[in-house]
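**Student:** Below is the file my_file04.cif, with mmCIF, C-alpha atoms.
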```
data_target
#
loop_
_atom_site.label_atom_id
_atom_site.label_comp_id
_atom_site.auth_asym_id
_atom_site.auth_seq_id
_atom_site.Cartn_x
_atom_site.Cartn_y
_atom_site.Cartn_z
CA MET A 129 1.95 9.70 18.60
CA SER A 130 3.64 7.98 15.68
CA GLU A 131 1.58 8.73 12.63
CA ILE A 132 1.58 5.68 10.42
CA LEU A 133 2.32 1.99 10.88
CA ILE A 134 3.23 -0.15 7.88
CA VAL A 135 2.51 -3.85 8.49
CA SER A 136 4.40 -6.18 6.16
CA SER A 137 3.31 -9.83 6.15
CA HIS A 138 4.68 -11.33 2.93
CA THR A 139 7.92 -13.14 2.19
CA PRO A 140 10.53 -11.00 0.41
CA TYR A 141 10.73 -12.58 -3.04
CA SER A 142 7.39 -14.28 -3.64
CA GLY A 143 5.80 -11.22 -5.22
CA LEU A 144 5.83 -7.45 -5.08
CA GLN A 145 4.07 -7.02 -1.74
CA ALA A 146 7.21 -6.83 0.39
CA ASP A 147 8.68 -4.15 -1.87
CA ASP A 148 5.34 -2.34 -1.98
CA ALA A 149 5.38 -2.14 1.82
CA LEU A 150 8.92 -0.74 1.95
CA ASP A 151 8.14 1.72 -0.86
CA ALA A 152 5.13 2.93 1.11
CA ALA A 153 7.19 3.35 4.27
CA LEU A 154 9.80 5.44 2.44
CA ALA A 155 7.20 7.58 0.68
CA ALA A 156 5.41 8.31 3.96
CA SER A 157 8.68 9.22 5.65
CA ASN A 158 9.64 11.47 2.74
CA VAL A 159 6.64 13.73 3.32
CA GLY A 160 7.43 14.00 7.01
CA LEU A 161 5.13 11.43 8.53
CA ARG A 162 6.59 9.50 11.42
CA VAL A 163 6.69 5.90 10.25
CA SER A 164 6.87 2.60 12.11
CA VAL A 165 7.19 -0.80 10.44
CA LEU A 166 6.00 -4.16 11.76
CA PHE A 167 6.99 -7.47 10.16
CA GLU A 168 4.54 -10.19 11.02
CA SER A 169 3.42 -13.57 9.72
CA HIS A 170 5.55 -14.52 6.69
CA GLY A 171 6.95 -10.98 6.67
CA VAL A 172 9.51 -12.07 9.27
CA PHE A 173 11.38 -13.84 6.44
CA GLN A 174 12.38 -10.38 5.22
CA LEU A 175 14.57 -9.99 8.31
CA LEU A 176 16.72 -13.04 7.66
CA LEU A 177 20.41 -12.26 7.30
CA GLY A 178 22.47 -13.61 4.44
CA GLN A 179 19.95 -13.06 1.62
CA GLN A 180 21.54 -13.54 -1.77
CA THR A 181 20.78 -11.92 -5.07
CA ASP A 182 20.33 -13.62 -8.44
CA ALA A 183 19.07 -12.60 -11.87
CA THR A 184 15.43 -12.61 -10.71
CA VAL A 185 16.00 -10.29 -7.74
CA ASN A 186 16.31 -6.57 -8.35
CA GLN A 187 17.06 -5.45 -4.83
CA LEU A 188 17.89 -7.34 -1.68
CA THR A 189 15.18 -6.81 0.88
CA GLU A 190 17.78 -7.23 3.62
CA LYS A 191 19.67 -4.18 2.33
CA ARG A 192 16.53 -2.12 1.93
CA ILE A 193 15.53 -2.80 5.53
CA LYS A 194 19.03 -2.03 6.78
CA ALA A 195 18.78 1.37 5.06
CA LEU A 196 15.48 2.38 6.68
CA PRO A 197 17.10 4.41 9.51
CA MET A 198 18.81 6.56 6.85
CA PHE A 199 15.28 7.62 5.90
CA ASP A 200 14.30 8.41 9.50
CA ILE A 201 12.50 5.12 10.00
CA GLU A 202 13.82 3.73 13.24
CA ASP A 203 10.75 2.22 14.90
CA ILE A 204 10.99 -1.25 13.38
CA TYR A 205 9.43 -4.32 14.99
CA TYR A 206 8.69 -7.96 14.30
CA CYS A 207 6.24 -10.45 15.72
CA LYS A 208 8.31 -12.92 17.75
CA GLN A 209 5.50 -15.45 17.69
CA SER A 210 5.58 -15.47 13.87
CA ALA A 211 9.37 -15.83 13.87
CA ASP A 212 9.23 -18.71 16.36
CA GLN A 213 6.56 -20.53 14.38
CA LEU A 214 7.81 -19.98 10.83
CA LEU A 215 11.59 -19.58 10.81
CA PRO A 216 14.03 -22.44 11.19
CA GLU A 217 15.71 -22.67 14.58
CA GLU A 218 19.04 -20.80 14.78
CA SER A 219 17.88 -18.34 12.12
CA ALA A 220 19.91 -15.13 12.20
CA LEU A 221 17.67 -12.09 12.10
CA SER A 222 18.52 -8.46 11.52
CA THR A 223 18.87 -6.70 14.86
CA ILE A 224 17.37 -3.57 13.36
CA ALA A 225 13.91 -4.84 14.31
CA LYS A 226 12.83 -5.20 17.91
CA PRO A 227 10.73 -8.24 18.88
CA LEU A 228 7.16 -7.87 20.06
CA VAL A 229 6.61 -10.89 22.25
CA ASN A 230 2.86 -11.26 22.40
CA GLN A 231 -0.39 -10.16 20.80
CA THR A 232 -0.96 -7.48 23.42
CA ASP A 233 2.29 -5.77 22.40
CA ILE A 234 1.12 -5.74 18.78
CA GLU A 235 -2.29 -4.39 19.71
CA ARG A 236 -0.61 -1.61 21.70
CA LEU A 237 1.59 -0.77 18.73
CA ILE A 238 -1.41 -0.54 16.40
CA ASP A 239 -3.36 1.55 18.92
CA ALA A 240 -0.46 3.99 19.13
CA HIS A 241 -0.75 4.89 15.45
CA GLN A 242 -3.21 7.16 13.72
CA HIS A 243 -3.00 5.28 10.42
CA VAL A 244 -2.21 1.67 9.56
CA LEU A 245 -1.52 0.16 6.13
CA ARG A 246 -1.19 -3.60 5.67
CA PHE A 247 0.67 -5.37 2.90
CA MET B 96 -18.53 16.14 8.32
CA LYS B 97 -15.62 13.73 8.19
CA SER B 98 -12.91 13.50 5.54
CA PHE B 99 -11.95 10.12 4.10
CA SER B 100 -8.89 9.00 2.14
CA LEU B 101 -9.27 5.61 0.48
CA PHE B 102 -6.19 3.46 -0.09
CA VAL B 103 -7.08 0.62 -2.45
CA SER B 104 -4.42 -2.08 -2.70
CA SER B 105 -6.25 -5.38 -3.16
CA PRO B 106 -6.22 -7.09 -6.56
CA PRO B 107 -9.45 -6.26 -8.41
CA THR B 108 -9.83 -9.72 -9.90
CA LEU B 109 -8.95 -11.79 -6.83
CA SER B 110 -11.01 -10.15 -4.15
CA HIS B 111 -14.11 -8.05 -3.64
CA GLN B 112 -12.19 -5.29 -1.92
CA CYS B 113 -12.02 -2.98 -4.97
CA ALA B 114 -15.78 -3.20 -5.33
CA ASP B 115 -16.23 -2.67 -1.59
CA ALA B 116 -14.08 0.46 -1.86
CA LEU B 117 -16.39 1.83 -4.55
CA LEU B 118 -19.48 1.13 -2.44
CA PHE B 119 -17.78 2.78 0.53
CA ALA B 120 -16.84 5.82 -1.58
CA LYS B 121 -20.45 6.22 -2.73
CA GLN B 122 -21.68 5.92 0.83
CA VAL B 123 -19.23 8.56 2.01
CA ILE B 124 -20.71 11.02 -0.49
CA GLN B 125 -24.31 10.01 0.22
CA SER B 126 -23.76 10.47 3.93
CA GLY B 127 -22.58 14.05 3.42
CA HIS B 128 -18.93 13.40 4.21
CA GLN B 129 -15.93 14.43 2.14
CA LEU B 130 -14.16 11.94 -0.11
CA ARG B 131 -10.77 13.60 0.04
CA GLN B 132 -8.88 11.17 -2.24
CA VAL B 133 -8.87 7.70 -3.73
CA PHE B 134 -5.46 6.14 -4.26
CA PHE B 135 -4.77 2.84 -6.03
CA TYR B 136 -1.63 0.93 -5.09
CA SER B 137 -0.14 -2.56 -5.37
CA GLU B 138 -2.24 -4.92 -7.50
CA ALA B 139 -5.19 -2.52 -7.42
CA VAL B 140 -3.49 -0.29 -10.01
CA THR B 141 -4.56 -2.67 -12.77
CA ILE B 142 -8.12 -1.39 -12.37
CA ALA B 143 -6.95 1.73 -14.24
CA MET B 144 -6.18 -0.12 -17.48
CA THR B 145 -8.33 0.79 -20.46
CA GLN B 146 -8.36 -2.83 -21.63
CA HIS B 147 -10.74 -3.86 -18.86
CA GLN B 148 -13.74 -5.25 -20.67
CA ALA B 149 -16.66 -7.23 -19.39
CA ASN B 150 -19.54 -8.84 -21.15
CA ASN B 151 -23.02 -7.45 -20.69
CA SER B 152 -23.88 -9.69 -17.78
CA THR B 153 -20.67 -8.95 -15.84
CA PHE B 154 -20.14 -6.11 -13.40
CA ASN B 155 -17.49 -3.84 -14.95
CA LEU B 156 -15.64 -2.39 -12.01
CA HIS B 157 -13.33 -0.25 -14.17
CA LYS B 158 -16.34 1.40 -15.82
CA GLU B 159 -18.13 1.83 -12.49
CA TRP B 160 -15.15 3.59 -10.92
CA LYS B 161 -14.83 5.84 -14.00
CA GLU B 162 -18.48 6.83 -13.98
CA PHE B 163 -18.46 7.51 -10.26
CA ALA B 164 -15.32 9.65 -10.48
CA GLU B 165 -16.65 11.61 -13.46
CA GLU B 166 -19.93 12.30 -11.65
CA GLN B 167 -18.01 13.55 -8.63
CA ALA B 168 -15.31 15.36 -10.65
CA LEU B 169 -12.81 13.24 -8.78
CA ILE B 170 -9.31 12.26 -9.92
CA LEU B 171 -8.53 8.63 -9.24
CA LYS B 172 -4.90 8.62 -8.16
CA VAL B 173 -2.79 5.68 -9.31
CA CYS B 174 0.69 5.13 -7.90
CA VAL B 175 3.15 5.63 -10.73
CA THR B 176 5.79 3.28 -9.31
CA ALA B 177 3.37 0.45 -8.60
CA SER B 178 1.66 0.83 -11.96
CA LEU B 179 4.86 0.86 -14.02
CA LYS B 180 5.88 -2.40 -12.32
CA ARG B 181 2.59 -3.89 -13.51
CA GLY B 182 2.50 -2.59 -17.06
CA VAL B 183 0.10 0.31 -16.55
CA LEU B 184 1.42 3.26 -18.56
CA GLY B 185 0.23 6.84 -18.54
CA SER B 186 0.74 8.98 -21.63
CA HIS B 187 4.00 10.49 -20.40
CA GLU B 188 5.52 7.12 -19.45
CA ALA B 189 4.24 5.52 -22.65
CA GLU B 190 5.86 8.20 -24.78
CA TYR B 191 9.14 7.77 -22.91
CA ALA B 192 9.05 3.99 -23.41
CA ASP B 193 7.84 4.20 -27.00
CA GLN B 194 4.69 2.34 -26.03
CA VAL B 195 0.96 3.04 -26.10
CA SER B 196 -0.70 4.40 -22.98
CA ASN B 197 -3.22 2.08 -21.36
CA LEU B 198 -4.28 4.36 -18.56
CA SER B 199 -7.81 5.58 -18.71
CA THR B 200 -8.97 8.98 -17.40
CA PRO B 201 -10.00 9.99 -14.78
CA PHE B 202 -7.33 7.64 -13.47
CA GLU B 203 -4.14 9.66 -13.16
CA GLN B 204 -0.64 8.56 -12.24
CA VAL B 205 0.87 10.37 -9.26
CA GLY B 206 3.71 9.77 -6.86
CA MET B 207 2.92 7.94 -3.68
CA ALA B 208 3.85 11.02 -1.68
CA ASP B 209 0.58 12.54 -2.96
CA TYR B 210 -1.44 10.24 -0.73
CA PHE B 211 0.72 10.67 2.34
CA ALA B 212 0.98 14.45 1.96
CA VAL B 213 -2.78 14.67 2.49
CA LEU B 214 -2.49 12.55 5.65
CA LYS B 215 0.33 14.80 6.84
CA ASP B 216 -1.32 18.14 6.03
CA GLU B 217 -4.84 17.17 7.06
CA PRO B 218 -4.46 15.12 10.25
CA ASP B 219 -8.22 14.71 10.62
CA THR B 220 -8.61 12.76 7.38
CA ILE B 221 -9.40 9.09 8.00
CA SER B 222 -7.35 6.65 5.92
CA VAL B 223 -9.26 3.48 5.03
CA GLN B 224 -7.57 0.58 3.24
CA PHE B 225 -9.29 -1.90 0.96
#
```
As structure tokens - that is how I would like this structure written.
**Tutor:**
Amino acid sequence: MSEILIVSSHTPYSGLQADDALDAALAASNVGLRVSVLFESHGVFQLLLGQQTDATVNQLTEKRIKALPMFDIEDIYYCKQSADQLLPEESALSTIAKPLVNQTDIERLIDAHQHVLRF
Amino acid sequence: MKSFSLFVSSPPTLSHQCADALLFAKQVIQSGHQLRQVFFYSEAVTIAMTQHQANNSTFNLHKEWKEFAEEQALILKVCVTASLKRGVLGSHEAEYADQVSNLSTPFEQVGMADYFAVLKDEPDTISVQF
């Protein structure tokens, strides 16, 4: 059983929540918990490729997500329904996250984890 | 007896979740269970600031958490990374930044690994998020 699921549902640069979720995932992995990450709702915006930095952005979320496997976080998913509803057509998404097609898939993912934290 | 770890991340002034967490914590104790840890993260870290004041007719959540923790000899863990991002400074960080600490005991800044280490080492503890 994977031990903790981090659910991230905020856009990358509208506040600190997206960073808080990634920080939590890294901290949990650092102590040896097996970590999975799910991007759902507006969180799917974090997976868009081609994010650009400016003076108001400290770290690119795209790069942080790309680095997750270096911290032993490889079970990364996104809600395809959210992506279909919210993202522009032809959006290029990071392939690091696997799509979960329907609500049942998401429920199964949640059930498979002992702990869940939502951001 | 069950063991509970509370993860409080909701903003104290924009939702009732911080107050619900306190009620839950009290109920855990009253029901004879173990309150293993309380950890404040994200916007919830601002509850630790000493400047929280309320007039006499207003529920003072900061004070209520303090009194509860002191009664139970409980440390209220506050994520150091999340709190520094939001201007909450413990004495060590304040000294380093040449500022004044605004963190009130028994709130105490710790690394986030503190919370997860308990989940790792004590698999039976139930993590509840507010």
**Student:** Can you tell me how far atom CA of Phe102 of chain B sits from atom CA of Tyr210 of chain B, in Å to one decimal?
**Tutor:**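 Rounded to one decimal, the two atoms are 8.3 Å apart.
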**Student:** Kindly provide, as JSON, the centre and edge lengths (Å, one decimal) of an axis-aligned box around all atoms of segment 207-217 of chain A given in the file, with 3 Å on each side.
**Tutor:**
```
{"center_x": 10.6, "center_y": -16.6, "center_z": 14.3, "size_x": 16.2, "size_y": 18.2, "size_z": 12.9}
```
**Student:** Distance cut-off 9 Å, counting all atoms listed in the file - which residues of chain A neighbour chain B? Return them as a PyMOL selection string.
**Tutor:** chain A and resi 131+144-145+148+151-152+155-161+242-247
**Student:** Expand the PyMOL selection byres ((chain A and resi 167) around 10) into the individual residues it matches in the shown file, reporting them as a ChimeraX atom specification.
**Tutor:** /A:134-139,146,165-166,168-175,204-208,210-211,225-228,247
**Student:** I'd like the contact shell of His128 of chain B - 8 Å cut-off, all atoms listed in the file, skipping same-chain residues fewer than 3 positions apart - returned as a list in words.
**Tutor:**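 Close residues of His128 of chain B: Met96, Lys97, Ser98, Phe99, Val123, Ile124 and Gln125 of chain B.
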